[in-house]
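Q: Here it is, the structure, as structure tokens.
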Amino acid sequence: MKKRIAVLVSGGGTNLQALIDAENAGKIPHGEISLVISNNPNAYALERARLNGIPGAVISKKECGSQEAFEAQIQAVLERNGTDLIILAGFMCILSGKFTSRWPKRIINVHPSLIPSFCGEGFYGLRVHRAALDYGVKVTGATVHFVNEIPDGGEIIAQKAVYIEEGDTPEILQKRVMEQAEWILLPQAAEMVCASMEE
């Protein structure tokens with residue numbers, strides 16, 4: 001019985017696409033993407049889900065009126081879907097400790113640096129790559145980790161290094177980290193966690 005995966009997204013959904021492609025290629029044999037939730041009704045990720053026959057749901061924090069109501073609605077949709085694993089793939093909302101504690105070792109996130117570098121509150125998207133370049137590091141990468149109440153603070157599942165090259169801008173580096181690390185690690189970690197749930 002495959003584990004049911006819900007992917008939470010806010011934007012274009014390139015990491016979601018990497019997961020869909022990996023599933024289609026048979027690289028996530030123990031899991032299947034059964035739901036995509038976005039906090040942004042205009043997220044292209046929802047279109048990616050639709051094109052692949054995956055049910056999508058929009059849950060807007062603004063419309064819910066509070067963090068608590070927002071998380072309660074997400075929880076209800078996840079329960080209805082029979083979700084086993086939650087993957088945060090560019091989900092631009094911090095989830096509270098109250099929410100994450102209900103899903104111990106069942107929420108994973110991909111972060112575009114080698115944690116503990118350039119992570120935690122305020123470090124997301126291009127800000128992470130800009131910080132790495134400003135600091136002058138020679139190696140960056142991506143980390144997949146379990147999610148707990150501390151932003152980017154959960155146990156690390158997998159990491160992959162990416163070299164910084166001469167002339168890199170935050171945008172160029174972001175693309176390379178996605179292609180060389182995020183899109184490879186995230187499906188691998190999803191399979192690892194789904195497989196471990198069967199043990």
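Starting from 1 in every chain, residues are counted up; chains themselves are A, B, ... following the order of the structure tokens, and ligands are numbered from 1 as listed.
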Name the residues of chain A that fall into strand (DSSP E or B) according to DSSP on the backbone, using the chain letters and numbers of this document, as JSON, numbers by chain.
A: {"A": [3, 4, 5, 6, 7, 8, 9, 31, 32, 33, 34, 35, 36, 37, 38, 56, 57, 58, 85, 86, 87, 88, 107, 108, 109, 110, 111, 139, 140, 141, 142, 143, 144, 145, 146, 156, 157, 158, 159, 160, 161, 162, 163]}
Q: Take the residues that were just selected and, keeping C-alpha atoms, output them as a CSV table (one decimal), in the first residue's frame.
A:
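Final output, saved to part.csv:
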chain,number,residue,atom,x,y,z
A,3,LYS,CA,1.9,6.1,1.4
A,4,ARG,CA,-0.2,9.1,0.5
A,5,ILE,CA,1.8,12.3,0.1
A,6,ALA,CA,0.5,15.8,0.3
A,7,VAL,CA,2.7,18.6,-1.1
A,8,LEU,CA,2.3,22.1,0.2
A,9,VAL,CA,3.3,24.9,-2.2
A,31,GLY,CA,4.6,6.8,-2.1
A,32,GLU,CA,2.2,8.6,-4.3
A,33,ILE,CA,1.3,12.3,-4.5
A,34,SER,CA,-2.4,12.4,-3.7
A,35,LEU,CA,-2.9,16.0,-2.9
A,36,VAL,CA,-1.4,19.5,-3.5
A,37,ILE,CA,-2.3,22.4,-1.1
A,38,SER,CA,-1.5,26.0,-1.8
A,56,GLY,CA,-5.5,20.6,-5.5
A,57,ALA,CA,-6.9,22.7,-2.7
A,58,VAL,CA,-6.4,26.4,-1.9
A,85,LEU,CA,3.5,12.3,4.6
A,86,ILE,CA,3.6,16.1,4.1
A,87,ILE,CA,6.2,17.7,1.9
A,88,LEU,CA,6.8,21.4,2.1
A,107,ILE,CA,6.7,16.6,7.5
A,108,ILE,CA,9.7,17.1,5.4
A,109,ASN,CA,11.1,20.3,3.9
A,110,VAL,CA,13.8,21.2,1.4
A,111,HIS,CA,16.0,24.2,2.2
A,139,VAL,CA,30.3,25.5,-1.3
A,140,THR,CA,26.5,25.7,-0.7
A,141,GLY,CA,23.8,23.1,-1.5
A,142,ALA,CA,20.5,21.9,-0.3
A,143,THR,CA,19.2,20.1,2.8
A,144,VAL,CA,16.1,18.0,3.3
A,145,HIS,CA,15.0,17.8,6.9
A,146,PHE,CA,12.1,16.8,9.1
A,156,ILE,CA,18.5,16.4,8.8
A,157,ILE,CA,17.6,13.6,6.3
A,158,ALA,CA,19.9,14.3,3.4
A,159,GLN,CA,22.3,17.0,2.1
A,160,LYS,CA,24.0,17.6,-1.2
A,161,ALA,CA,26.8,20.1,-1.9
A,162,VAL,CA,26.9,22.5,-4.9
A,163,TYR,CA,30.0,24.5,-5.8
Q: Residues near A:Asp134, anyone? I mean within 12 Å using only C-alpha atoms, not counting same-chain ones fewer than 3 positions away, as a list in words.
A: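 Once the adjacent positions are removed, what remains is Phe118, Arg127, Val128, His129, Arg130, Ala131, Val137, Lys138, Ile164, Asp168, Thr169 and Pro170 of chain A.
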Q: Need to verify the contact set: A:Ala195, 10 Å, only C-alpha atoms, exclusion of same-chain residues closer than 6 positions in sequence. Can you return it as a list of chain:residue names?
A: A:Lys2, A:Lys3, A:Ile28, A:Pro29, A:His30, A:Gly31, A:Ala189
Q: Would you mind reading off the distance between atom CA of A:Met1 and atom CA of A:Ala89, one decimal, in Å?
A: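 Atom CA of A:Met1 sits 23.8 Å away from atom CA of A:Ala89.
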Q: Which residue is closest to A:Asn52? Choose from A:Leu16, A:Val77, A:Ala69, A:Ile94 and count only C-alpha atoms.
A: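 Among A:Leu16, A:Val77, A:Ala69, A:Ile94, it is A:Leu16 that comes nearest to A:Asn52.
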Q: To one decimal in Å, tell me the separation between atom CA of A:Asp21 and atom CA of A:Thr83.
A: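 If I compute the distance from atom CA of A:Asp21 to atom CA of A:Thr83, I get 20.0 Å.
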Q: To one decimal in Å, tell me the separation between atom CA of A:Gly13 and atom CA of A:Gln75.
A: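 Taking atom CA of A:Gly13 and atom CA of A:Gln75, their separation equals 21.1 Å.
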